[in-house]
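The next block is protein-v4.tsv, given as TSV, C-alpha atoms.
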```tsv
chain	number	residue	atom	x	y	z
A	1340	MET	CA	116.66	114.06	110.89
A	1341	THR	CA	114.34	115.93	113.27
A	1342	ARG	CA	113.39	114.73	116.75
A	1343	ILE	CA	109.98	115.67	118.17
A	1344	GLU	CA	109.16	114.94	121.80
A	1345	THR	CA	105.68	115.25	123.29
A	1346	VAL	CA	104.92	114.93	126.99
A	1347	ASN	CA	101.50	114.09	128.44
A	1348	ARG	CA	101.13	116.59	131.30
A	1349	PHE	CA	98.83	114.25	133.26
A	1350	THR	CA	100.77	111.00	133.06
A	1351	GLY	CA	104.26	112.27	132.29
A	1352	GLU	CA	104.47	109.79	129.39
A	1353	VAL	CA	107.01	110.88	126.78
A	1354	GLN	CA	106.47	110.11	123.10
A	1355	ASP	CA	109.59	110.48	120.99
A	1356	LEU	CA	109.07	110.82	117.24
A	1357	THR	CA	111.90	111.05	114.73
A	1358	VAL	CA	111.37	112.33	111.21
A	1359	HIS	CA	113.89	111.32	108.57
A	1360	SER	CA	114.34	113.25	105.34
A	1361	SER	CA	116.72	112.91	102.41
A	1362	VAL	CA	116.75	116.71	102.09
A	1363	SER	CA	119.35	118.58	104.11
A	1364	ALA	CA	118.31	121.51	106.27
A	1365	GLY	CA	120.57	123.66	104.09
A	1366	ALA	CA	118.23	123.08	101.16
A	1367	GLY	CA	115.67	125.27	102.90
A	1368	LEU	CA	112.69	122.99	102.18
A	1369	TRP	CA	111.07	123.33	105.59
A	1370	PHE	CA	107.61	122.36	104.33
A	1371	ARG	CA	108.66	119.32	102.33
A	1372	GLY	CA	105.84	118.12	100.13
A	1373	GLY	CA	104.09	121.47	99.89
A	1374	GLY	CA	101.09	121.04	102.18
A	1375	TYR	CA	100.99	121.50	105.91
A	1376	THR	CA	98.43	121.78	108.67
A	1377	THR	CA	98.03	124.67	111.07
A	1378	MET	CA	97.26	124.49	114.78
A	1379	GLY	CA	96.83	127.44	117.12
A	1380	TYR	CA	98.50	127.73	120.51
A	1381	GLU	CA	95.34	126.66	122.32
A	1382	ALA	CA	95.15	123.56	120.13
A	1383	HIS	CA	98.72	122.65	121.02
A	1384	ASN	CA	97.89	123.14	124.71
A	1385	ALA	CA	94.73	121.03	124.44
A	1386	LEU	CA	96.70	118.23	122.78
A	1387	ALA	CA	99.44	118.42	125.42
A	1388	GLU	CA	96.89	118.32	128.27
A	1389	ALA	CA	94.77	115.52	126.81
A	1390	ASP	CA	94.90	112.17	128.55
A	1391	LEU	CA	96.09	110.24	125.49
A	1392	SER	CA	98.43	107.29	125.13
A	1393	GLY	CA	101.68	107.65	123.23
A	1394	ALA	CA	100.12	105.60	120.43
A	1395	ALA	CA	97.21	108.07	120.17
A	1396	TYR	CA	99.63	111.02	119.90
A	1397	LYS	CA	101.59	109.18	117.22
A	1398	LEU	CA	98.45	108.27	115.28
A	1399	PHE	CA	97.10	111.83	115.48
A	1400	HIS	CA	100.30	113.24	113.97
A	1401	LYS	CA	100.28	110.59	111.24
A	1402	MET	CA	96.64	111.44	110.47
A	1403	CYS	CA	97.54	115.14	110.19
A	1404	ALA	CA	100.20	114.23	107.62
A	1405	MET	CA	97.97	111.91	105.59
A	1406	GLN	CA	94.73	113.90	105.53
A	1407	ASN	CA	93.11	114.49	102.16
A	1408	ARG	CA	94.13	117.99	101.11
A	1409	LYS	CA	91.26	118.35	98.64
A	1410	ASP	CA	88.62	117.35	101.20
A	1411	HIS	CA	90.08	119.18	104.20
A	1412	GLY	CA	90.71	116.98	107.21
A	1413	LEU	CA	89.44	113.70	105.76
A	1414	VAL	CA	91.54	110.60	106.47
A	1415	ARG	CA	90.50	107.72	104.23
A	1416	VAL	CA	90.25	104.30	105.86
A	1417	GLU	CA	89.54	101.38	103.54
A	1418	THR	CA	89.56	98.94	106.46
A	1419	GLN	CA	90.97	99.36	109.94
A	1420	ALA	CA	93.43	96.51	109.31
A	1421	LYS	CA	94.77	98.17	106.14
A	1422	PHE	CA	94.85	101.53	107.92
A	1423	ALA	CA	96.96	99.99	110.71
A	1424	VAL	CA	99.45	98.70	108.12
A	1425	GLN	CA	99.46	102.11	106.42
A	1426	VAL	CA	100.39	103.92	109.67
A	1427	GLY	CA	102.81	101.19	110.80
A	1428	MET	CA	100.93	100.19	113.95
A	1429	GLN	CA	99.11	97.10	115.22
A	1430	GLN	CA	95.35	97.02	114.53
A	1431	PRO	CA	94.27	96.79	118.22
A	1432	THR	CA	96.54	99.74	119.04
A	1433	VAL	CA	95.04	101.78	116.19
A	1434	SER	CA	91.53	100.90	117.37
A	1435	ARG	CA	92.27	102.09	120.93
A	1436	ALA	CA	94.03	105.22	119.67
A	1437	LEU	CA	91.13	106.14	117.35
A	1438	ARG	CA	88.69	105.69	120.24
A	1439	GLN	CA	90.82	107.92	122.52
A	1440	LEU	CA	91.16	110.63	119.86
A	1441	ALA	CA	87.41	110.57	119.13
A	1442	GLU	CA	86.47	110.66	122.83
A	1443	ALA	CA	88.79	113.66	123.31
A	1444	GLY	CA	87.21	115.40	120.30
A	1445	PHE	CA	90.29	115.65	118.06
A	1446	ILE	CA	88.71	113.49	115.34
A	1447	TYR	CA	85.23	112.28	114.48
A	1448	PRO	CA	83.88	109.55	112.21
A	1449	ASP	CA	82.81	110.36	108.68
A	1450	GLY	CA	81.27	107.13	107.42
A	1451	ARG	CA	84.04	104.55	107.72
A	1452	ASP	CA	86.66	107.32	107.35
A	1453	TRP	CA	87.80	109.79	109.99
A	1454	ARG	CA	87.93	113.57	109.91
A	1455	LEU	CA	90.26	115.86	111.84
A	1456	ARG	CA	88.28	118.50	113.72
A	1457	ALA	CA	88.61	121.70	111.62
A	1458	ASP	CA	88.60	124.13	114.55
A	1459	PHE	CA	91.53	122.21	116.03
A	1460	VAL	CA	93.87	121.47	113.12
A	1461	PHE	CA	93.34	122.47	109.50
A	1462	ASN	CA	94.90	122.37	106.05
A	1463	GLY	CA	93.40	125.02	103.80
A	1464	ASN	CA	92.23	128.62	103.61
A	1465	GLY	CA	89.93	130.47	106.00
A	1466	ALA	CA	86.79	130.13	103.88
A	1467	ALA	CA	87.25	126.36	103.59
A	1468	GLN	CA	87.92	126.15	107.33
A	1469	GLY	CA	84.75	128.08	108.12
A	1470	GLN	CA	82.71	125.66	105.99
A	1471	ALA	CA	84.43	122.64	107.57
A	1472	ILE	CA	83.70	123.93	111.08
A	1473	GLN	CA	80.01	124.27	110.20
A	1474	ASN	CA	80.03	120.60	109.16
A	1475	ILE	CA	81.26	119.29	112.54
A	1476	PRO	CA	78.41	117.05	113.74
A	1477	ALA	CA	76.42	118.17	116.76
A	1478	GLY	CA	77.47	116.28	119.86
A	1479	THR	CA	81.10	115.91	118.79
A	1480	PRO	CA	83.23	116.34	121.95
A	1481	ASP	CA	85.02	119.68	122.27
A	1482	PRO	CA	88.80	119.24	122.73
A	1483	TYR	CA	88.96	122.68	124.35
A	1484	ALA	CA	86.32	121.99	127.01
A	1485	GLY	CA	87.65	122.36	130.53
A	1486	LYS	CA	91.10	123.49	129.39
A	1487	GLY	CA	92.98	126.36	130.99
A	1488	ALA	CA	92.29	128.44	134.04
A	1489	GLU	CA	88.79	129.70	134.67
A	1490	LEU	CA	88.48	133.39	135.56
A	1491	THR	CA	86.00	134.59	138.13
A	1492	VAL	CA	84.90	138.21	138.36
A	1493	ILE	CA	84.59	139.37	141.97
A	1494	ASP	CA	82.32	142.34	142.59
A	1495	GLY	CA	83.64	145.22	144.67
A	1496	GLY	CA	87.28	145.15	143.55
A	1497	ASN	CA	89.13	148.45	143.56
A	1498	ASP	CA	92.24	149.31	141.53
A	1499	SER	CA	93.08	152.54	143.38
A	1500	ASP	CA	95.66	152.90	146.13
A	1501	ALA	CA	93.27	154.98	148.27
```
Can you give me the file's structure in the form of structure tokens?
Amino acid sequence: MTRIETVNRFTGEVQDLTVHSSVSAGAGLWFRGGGYTTMGYEAHNALAEADLSGAAYKLFHKMCAMQNRKDHGLVRVETQAKFAVQVGMQQPTVSRALRQLAEAGFIYPDGRDWRLRADFVFNGNGAAQGQAIQNIPAGTPDPYAGKGAELTVIDGGNDSDA
């Protein structure tokens, strides 16, 4: 059993997720199931700093785990009601969480399905990621926008001790 805790830096809300596995840690199967997604440090920071509900964090992580590995980042949704059952959440909660994730730019619609933003989290090789990034629709919110400290260059600075 592994415990994962996320904290929303704006609201202080803590989301506690527990992952159960029948495989012991001694078995050395750290990537159970073979596939896994990758996120850079800036992506982790953007997710931590996003103003998301605990349900949105939970849904995002579930979507990362269930994405279509042959069509990188695609999460199939037959109907929102069936999707809610599939992720173990109430349909109105899923609807709000999807809206929050889309408004923050972590996911975007692809027909009736959803796609994880490829420059944020990805499952696949670099060439496939490059192609997926090119396919992000124009106008999709940028999850990195406004994150981190802005640097300002001030003219006239001097490094010397003189």
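Take the candidates A:Trp1453, A:Phe1422, A:Phe1445, A:Tyr1380 and check each one against Gln1406 (chain A) using only C-alpha atoms; the shortest distance goes to A:Trp1453.
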To one decimal in Å, tell me the separation between CA of Ala1457 (chain A) and CA of Thr1432 (chain A).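 We find that CA of Ala1457 (chain A) and CA of Thr1432 (chain A) lie 24.5 Å from each other.
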Pick the closest to Ala1395 (chain A) from A:Gly1379, A:Gly1412, A:Pro1431, A:Gly1478: which is it, counting all atoms listed in the file? A:Pro1431
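When CA of Glu1417 (chain A) is paired with CA of Arg1456 (chain A), their separation reads 20.0 Å.
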Quick one: of A:Lys1409, A:Lys1421, A:Arg1454, A:His1383, who's nearest to Leu1437 (chain A), counting all atoms listed in the file?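 Checking each candidate against Leu1437 (chain A), we get A:Arg1454 as the closest.
Across A:Met1428, A:Ser1434, A:Ala1389, A:Tyr1447, the tightest approach to Thr1479 (chain A) is made by A:Tyr1447 when counting all atoms listed in the file.
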With a cut-off of 8 Å, could you pull out the residues of region 1380-1419 of chain A touching region 1481-1485 of chain A and give me the nearest pair of atoms for each, distance in Å to one decimal, using all atoms listed in the file, ordered by chain and ascending number, as a Markdown table?
```
| residue | atom | partner | partner_atom | distance |
| --- | --- | --- | --- | --- |
| A:Glu1381 | CA | A:Tyr1483 | CA | 7.8 |
| A:Ala1382 | CA | A:Tyr1483 | CA | 7.5 |
| A:Ala1385 | CA | A:Tyr1483 | CA | 6.0 |
| A:Leu1386 | CA | A:Pro1482 | CA | 8.0 |
```
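For the set A:Asn1464, A:Leu1413, A:Arg1435, A:Leu1391, the residue with the smallest atom-to-atom gap to Gly1450 (chain A) is A:Leu1413, counting all atoms listed in the file.
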Near-Asp1452 (chain A) list (10 Å; all atoms listed in the file; drop same-chain fewer than 6 positions) as a ChimeraX atom specification: /A:1413-1419
Output file for the selection above: C-alpha atoms, as a compact mmCIF listing (two decimals), in the frame of the given file:
```txt
# COMPACT_ATOMS: atom_id res chain seq x y z
CA LEU A 1413 89.44 113.70 105.76
CA VAL A 1414 91.54 110.60 106.47
CA ARG A 1415 90.50 107.72 104.23
CA VAL A 1416 90.25 104.30 105.86
CA GLU A 1417 89.54 101.38 103.54
CA THR A 1418 89.56 98.94 106.46
CA GLN A 1419 90.97 99.36 109.94
```
Exercise: residues within 10 Å of coordinate (93.8, 121.8, 105.1), counting all atoms listed in the file, as a ChimeraX atom specification: /A:1374-1377,1403,1406-1413,1455,1457,1460-1465,1467-1468,1471
Counting only C-alpha atoms, which residue out of A:Gln1439, A:Gln1430, A:Gln1425, A:Gln1473 sits closest to Asp1390 (chain A)? A:Gln1439
Extending 3 Å beyond the listed atoms of region 1449-1467 of chain A on each side, what axis-aligned box results? I want centre and edge lengths in Å to one decimal, as AutoDock Vina command-line options.
```
--center_x 88.1 --center_y 117.5 --center_z 109.8 --size_x 19.6 --size_y 31.9 --size_z 18.4
```
